[in-house]
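A short worksheet on the structure shown next.
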Amino acid sequence: MGKEKKKYANIGKGIGDNIREIGATFKEGDWKAKVSFLIMGFGQLMHKQFLRGILFLAVEIFFIYYMVTFGAGYLSKMGTLGETATYVDKTGVVPVTVYGDNSFLILLYGILTIFVVFAFLFLWRMNIKQNRQIQKLLAEGKKLPTSRDDLRSLLNENFDKTLMTLPNIGVFVFIIVPIIFMICIAFTNYDADHQPPSSLFTWVGLENFKNLFSIGSAGFGSTFFTVLGWTLVWAFFATFLNYFLGMAVAIMINKKGIKFKKLWRTILVMTIAIPQFVSLLYVYKMFANDGLVNNYLIKWGLIDSYIPFWANATYARILIIVINCWVGIPYVMLMATGILMNIPEDLYESARIDGANAFQMFRKITLPYMLFVTGPYLLTSFTGNLNNFNVIYLLTQGNPKSMNLTGGAGYTDLLITWLYKLTINDTNYRMAAVIGIMVFVVTAVISLVVYRILPSVKDEEGFQ
């Protein structure tokens with residue numbers, strides 16, 4: 001709690017310092033600095049810093065034009081997300097489409113406009129700060145940077161900022177804005193019954209979150225907790241079974257006396273070379289009711305009727321975990337092979353002299369070394385399996401389904417595949433957005449908790 005209070009105190013202090021500096025600049029600055037409060041870049045232009053002045057002035061002109069012609073209209077409708085839907089007027093001889101608001105565009109461009117406003121305020125503050133720096137340099141009798149100096153700076157000591165400008169804009173447009181948009185959708189009623197422009201959607205507050213955790217017949221609570229439980233179970237087994245079995249395979253292949261090591265590694269790596277889209281669909285057909293496995297089991301007299309591998313929830317879940325081992329073990333085997341080769345042989349020699357057996361050497365030397373080096377990999381693998389869309393959807397599409405599960409979810413659905421179904425099949429964007437937020441929360445909480453206790457993070461030099 002002390003750190004949090006200190007953090008908020010520092011934020012408050014920073015805001016206060018900025019406000020005081022703005023006031024001091026207006027009070028102590030000359031008339032050129034004061035005019036810069038209204039006309040950005042004016043002070044720079046008057047002091048012959050033409051590059052800075054033109055850029056600041058262009059920003060202000062663009063902002064005013066953007067707000068007057070585009071942004072202000074969308075921003076003013078953010079509270080309602082539109083009032084008049086598009087409809088077809090059939091009162092005349094020829095039906096006429098009367099265009100109205102579009103909630104989707106209002107929300108999207110409204111969010112974009114809010115970011116534009118904050119960006120403008122940031123640049124306005126930078127403009128004021130530069131005017132204060134000009135006043136200080138002039139008072140000290142120092143020379144002001146020229147436009148040539150600014151260009152040289154952008155290509156030398158500040159080249160990192162120049163180089164990262166376009167990537168940062170790309171991150172903002174393609175990552176940050178869609179994330180904020182998705183979060184906002186979670187607080188609306190955007191679904192199959194509210195499809196703009198013919199039918200508008202609006203804000204509903206926390207109703208969707210209440211619906212997600214509601215256990216009643218109309219709520220998603222029972223389905224959500226069922227899917228969440230299976231998602232965590234799947235991620236645990238998909239991560240640690242692959243990890244320990246892959247490590248065991250690597251140890252066996254690397255053991256002295258094993259012949260044809262390259263051959264065994266090549267056979268295992270073949271599962272990586274074959275695209276999952278092909279291999280998983282083929283495996284799905286193998287375990288179908290009329291598939292290869294059931295046919296041979298019946299032919300050999302081991303069973304009387306086919307086993308419902310994909311129709312039974314328990315069978316399907318177990319089979320998915322087993323098949324994922326076949327897909328994932330080669331990756332871990334390759335990684336573990338490289339790490340095992342770097343463990344000092346002297347450690348094993350010393351352990352043998354002390355009378356340690358193979359299991360004791362594994363528990364005291366191999367496993368601690370592997371866990372220390374691969375701790376971050378285990379974390380990323382676990383979080384990746386929480387969102388492992390391919391294996392689940394290519395094998396079962398989330399089936400088998402049940403009347404007890406709502407929103408089109410099946411017993412093998414993960415949160416991510418359920419989200420996909422809500423979006424594509426049911427066009428229930430509001431609940432899909434809520435589940436997307438919950439996926440982020442679950443992943444973030446697990447990642448932060450585990451990351452803080454990883455030995456490779458807590459004591460980076462402790463294993464040296």
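Residue numbering restarts at 1 for every chain of the structure tokens, chains are lettered A, B, ... in their displayed order, and ligands are numbered from 1 as they appear.
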
Taking only residues of stretch 224-341 of chain A that have an atom at most 9 Å from an atom of stretch 377-389 of chain A, what is each one's shortest atom pair and its distance in Å to one decimal, using only C-alpha atoms, in chain and number order, as a Markdown table?
```
| residue | atom | partner | partner_atom | distance |
| --- | --- | --- | --- | --- |
| A:Thr231 | CA | A:Leu386 | CA | 6.2 |
| A:Leu232 | CA | A:Leu386 | CA | 7.0 |
| A:Trp234 | CA | A:Asn385 | CA | 7.6 |
| A:Ala235 | CA | A:Asn385 | CA | 5.0 |
| A:Phe236 | CA | A:Phe382 | CA | 6.8 |
| A:Ala238 | CA | A:Asn385 | CA | 6.9 |
| A:Thr239 | CA | A:Phe382 | CA | 5.6 |
| A:Phe240 | CA | A:Leu378 | CA | 8.0 |
| A:Tyr243 | CA | A:Leu378 | CA | 8.0 |
```

Problem set entry | Selection near A:Tyr306, 10 Å with only C-alpha atoms, sequence-local residues under 3 positions removed, as a list of chain:residue names |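 Near A:Tyr306, the qualifying residues are A:Phe287, A:Ala288, A:Asn289, A:Asp290, A:Gly291, A:Val293, A:Asn294, A:Asn295, A:Tyr296, A:Leu297, A:Ile298, A:Ile303, A:Phe309.
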
Save out the residues we just selected, C-alpha atoms, as a PDB file, in the first residue's frame.
```pdb
ATOM      1  CA  PHE A 287     -10.611 -41.189 -33.925  1.00  0.00           C
ATOM      2  CA  ALA A 288     -14.024 -40.608 -35.516  1.00  0.00           C
ATOM      3  CA  ASN A 289     -16.789 -43.182 -35.002  1.00  0.00           C
ATOM      4  CA  ASP A 290     -15.993 -44.747 -38.376  1.00  0.00           C
ATOM      5  CA  GLY A 291     -12.320 -43.884 -38.216  1.00  0.00           C
ATOM      6  CA  VAL A 293      -8.854 -46.516 -34.587  1.00  0.00           C
ATOM      7  CA  ASN A 294     -12.426 -47.712 -33.969  1.00  0.00           C
ATOM      8  CA  ASN A 295     -12.395 -49.917 -37.053  1.00  0.00           C
ATOM      9  CA  TYR A 296      -9.226 -51.745 -35.995  1.00  0.00           C
ATOM     10  CA  LEU A 297     -10.338 -52.101 -32.367  1.00  0.00           C
ATOM     11  CA  ILE A 298     -13.570 -53.716 -33.549  1.00  0.00           C
ATOM     12  CA  ILE A 303     -14.501 -53.697 -28.466  1.00  0.00           C
ATOM     13  CA  PHE A 309     -14.049 -40.382 -28.671  1.00  0.00           C
TER      14      PHE A 309
END
```

Exercise. Which residues, written as a VMD selection string, have at least one atom at most 12 Å from A:Ile416, with only C-alpha atoms counted and residues fewer than 6 positions away on the same chain left out?
Worked result: chain A and resid 224 227 to 228 230 to 231 383 to 393 397 to 398 409 422 to 423 432 to 440 442 to 443

Seminar exercise, completed: What separates atom CA of A:Pro400 and atom CA of A:Ile323 is a distance of 17.1 Å

Exercise. Between atom CA of A:Leu334 and atom CA of A:Ile453, what is the distance, to one decimal in Å?
Worked result: 25.9 Å

Considering only C-alpha atoms, tabulate each residue of stretch 122-203 of chain A that lies at most 9 Å from stretch 100-111 of chain A along with its nearest interatomic pair and the corresponding distance in Å to one decimal; arrange the rows by chain and ascending residue number and present them as a tab-separated table.
```
residue	atom	partner	partner_atom	distance
A:Val177	CA	A:Ile111	CA	7.5
A:Pro178	CA	A:Leu108	CA	8.6
A:Ile180	CA	A:Ile111	CA	7.8
A:Phe181	CA	A:Leu108	CA	6.5
A:Cys184	CA	A:Leu107	CA	8.2
A:Ile185	CA	A:Leu107	CA	8.6
A:Tyr190	CA	A:Phe104	CA	8.9
A:Gln195	CA	A:Ser103	CA	8.7
A:Pro196	CA	A:Asn102	CA	5.5
A:Pro197	CA	A:Asn102	CA	4.7
A:Ser198	CA	A:Asn102	CA	8.2
A:Ser199	CA	A:Asn102	CA	8.5
A:Leu200	CA	A:Ser103	CA	5.6
A:Phe201	CA	A:Ser103	CA	6.1
A:Thr202	CA	A:Ser103	CA	7.5
```

Write the residues of the selection above to a file with N, CA and C atoms, as an mmCIF file, in the first residue's frame.
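Saved as result-v2.cif:
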```cif
data_model
loop_
_atom_site.group_PDB
_atom_site.id
_atom_site.type_symbol
_atom_site.label_atom_id
_atom_site.label_comp_id
_atom_site.auth_asym_id
_atom_site.auth_seq_id
_atom_site.Cartn_x
_atom_site.Cartn_y
_atom_site.Cartn_z
ATOM 1 N N VAL A 177 -5.777 1.199 -30.258
ATOM 2 C CA VAL A 177 -7.150 1.598 -30.575
ATOM 3 C C VAL A 177 -8.103 0.397 -30.627
ATOM 4 N N PRO A 178 -7.748 -0.733 -31.302
ATOM 5 C CA PRO A 178 -8.666 -1.891 -31.266
ATOM 6 C C PRO A 178 -8.909 -2.430 -29.857
ATOM 7 N N ILE A 180 -8.864 -0.681 -26.964
ATOM 8 C CA ILE A 180 -9.780 0.249 -26.303
ATOM 9 C C ILE A 180 -11.188 0.095 -26.871
ATOM 10 N N PHE A 181 -11.286 -0.090 -28.187
ATOM 11 C CA PHE A 181 -12.601 -0.273 -28.819
ATOM 12 C C PHE A 181 -13.280 -1.526 -28.278
ATOM 13 N N CYS A 184 -14.608 -0.962 -24.811
ATOM 14 C CA CYS A 184 -15.824 -0.157 -24.835
ATOM 15 C C CYS A 184 -17.031 -0.979 -25.283
ATOM 16 N N ILE A 185 -16.838 -1.879 -26.247
ATOM 17 C CA ILE A 185 -17.940 -2.733 -26.721
ATOM 18 C C ILE A 185 -18.516 -3.550 -25.574
ATOM 19 N N TYR A 190 -24.168 -4.320 -28.123
ATOM 20 C CA TYR A 190 -23.871 -4.641 -29.515
ATOM 21 C C TYR A 190 -23.968 -6.146 -29.725
ATOM 22 N N GLN A 195 -27.582 -4.145 -34.796
ATOM 23 C CA GLN A 195 -26.593 -4.112 -35.864
ATOM 24 C C GLN A 195 -26.718 -2.795 -36.627
ATOM 25 N N PRO A 196 -25.790 -1.858 -36.366
ATOM 26 C CA PRO A 196 -25.842 -0.596 -37.117
ATOM 27 C C PRO A 196 -25.486 -0.835 -38.579
ATOM 28 N N PRO A 197 -25.992 0.029 -39.484
ATOM 29 C CA PRO A 197 -26.696 1.282 -39.204
ATOM 30 C C PRO A 197 -28.217 1.139 -39.081
ATOM 31 N N SER A 198 -28.764 -0.043 -39.400
ATOM 32 C CA SER A 198 -30.221 -0.199 -39.354
ATOM 33 C C SER A 198 -30.757 -0.285 -37.938
ATOM 34 N N SER A 199 -29.931 -0.703 -36.997
ATOM 35 C CA SER A 199 -30.332 -0.800 -35.590
ATOM 36 C C SER A 199 -29.150 -0.398 -34.730
ATOM 37 N N LEU A 200 -29.304 0.653 -33.955
ATOM 38 C CA LEU A 200 -28.194 1.198 -33.189
ATOM 39 C C LEU A 200 -27.998 0.447 -31.886
ATOM 40 N N PHE A 201 -26.780 0.510 -31.355
ATOM 41 C CA PHE A 201 -26.540 -0.007 -30.005
ATOM 42 C C PHE A 201 -26.160 1.160 -29.102
ATOM 43 N N THR A 202 -26.237 0.938 -27.801
ATOM 44 C CA THR A 202 -25.983 2.009 -26.842
ATOM 45 C C THR A 202 -25.278 1.467 -25.620
#
```

For this session: Extract, using only C-alpha atoms, all DNA, RNA and protein residues at most 12 Å from A:Leu263, discarding same-chain residues fewer than 6 positions from it, and format them as a PyMOL selection string.
Result: chain A and resi 253+269-270

Distance table requested - stretch 98-213 of chain A against stretch 39-47 of chain A, cut-off 9 Å, only C-alpha atoms: one row per qualifying residue with the closest atom pair and its distance in Å to one decimal, ordered by chain and rising residue number, as a Markdown table.
```
| residue | atom | partner | partner_atom | distance |
| --- | --- | --- | --- | --- |
| A:Trp124 | CA | A:Met40 | CA | 6.9 |
| A:Asn127 | CA | A:Met40 | CA | 6.5 |
| A:Ile128 | CA | A:Met40 | CA | 8.3 |
| A:Gln130 | CA | A:Gln44 | CA | 8.1 |
| A:Asn131 | CA | A:Gly43 | CA | 6.4 |
| A:Ile134 | CA | A:Gln44 | CA | 8.3 |
| A:Leu144 | CA | A:His47 | CA | 8.1 |
```

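The shell of residues at most 12 Å from A:Val59, with only C-alpha atoms counted and near chain neighbours (fewer than 6 positions) removed, consists of Ile39, Met40, Gly41, Arg52, Gly53, Tyr65, Tyr66, Val116, Val117, Ala119, Phe120, Leu121, Phe122, Leu123, Trp124, Met126 and Asn127 of chain A.
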
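DSSP secondary structure from the backbone places Tyr87, Val88, Asp89, Val96, Thr97 and Val98 of chain A of stretch 3-187 of chain A in strand (DSSP E or B).
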
Problem set entry | A:Tyr284, A:Tyr420, A:Phe37, A:Trp326 ranked by distance to A:Asn242, top pick (using only C-alpha atoms) |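 Using only C-alpha atoms, A:Asn242 sits closest to A:Trp326.
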
Exercise. So, counting only C-alpha atoms, which residue among A:Val171, A:Leu347, A:Ile61, A:Leu268 is closest to A:Thr366?
Worked result: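 So, comparing all the options, the nearest one is A:Leu347.
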
For this session: For A:Lys401, work out the shell of residues within 12 Å, counting only C-alpha atoms and skipping chain neighbours fewer than 6 positions away, then give it as a PyMOL selection string.
Result: chain A and resi 223+227+310-313+316+407-413+418

Exercise. In Å, how far is it from atom CA of A:Ile176 to atom CA of A:Phe118?
Worked result: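 One can read the atom CA of A:Ile176 to atom CA of A:Phe118 distance as 14.2 Å.
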
For this session: Could you give me, as a PyMOL selection string, the residues within 9 Å of A:Cys325, counting only C-alpha atoms and dropping anything in the same chain fewer than 5 positions from it?
Result: chain A and resi 238+241-242+245-246+320+330

Exercise. For A:Gln276, which residue among A:Val327, A:Leu75, A:Ile353, A:Val449 is the nearest when counting only C-alpha atoms?
Worked result: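 Of the candidates, the smallest distance to A:Gln276 is held by A:Val327.
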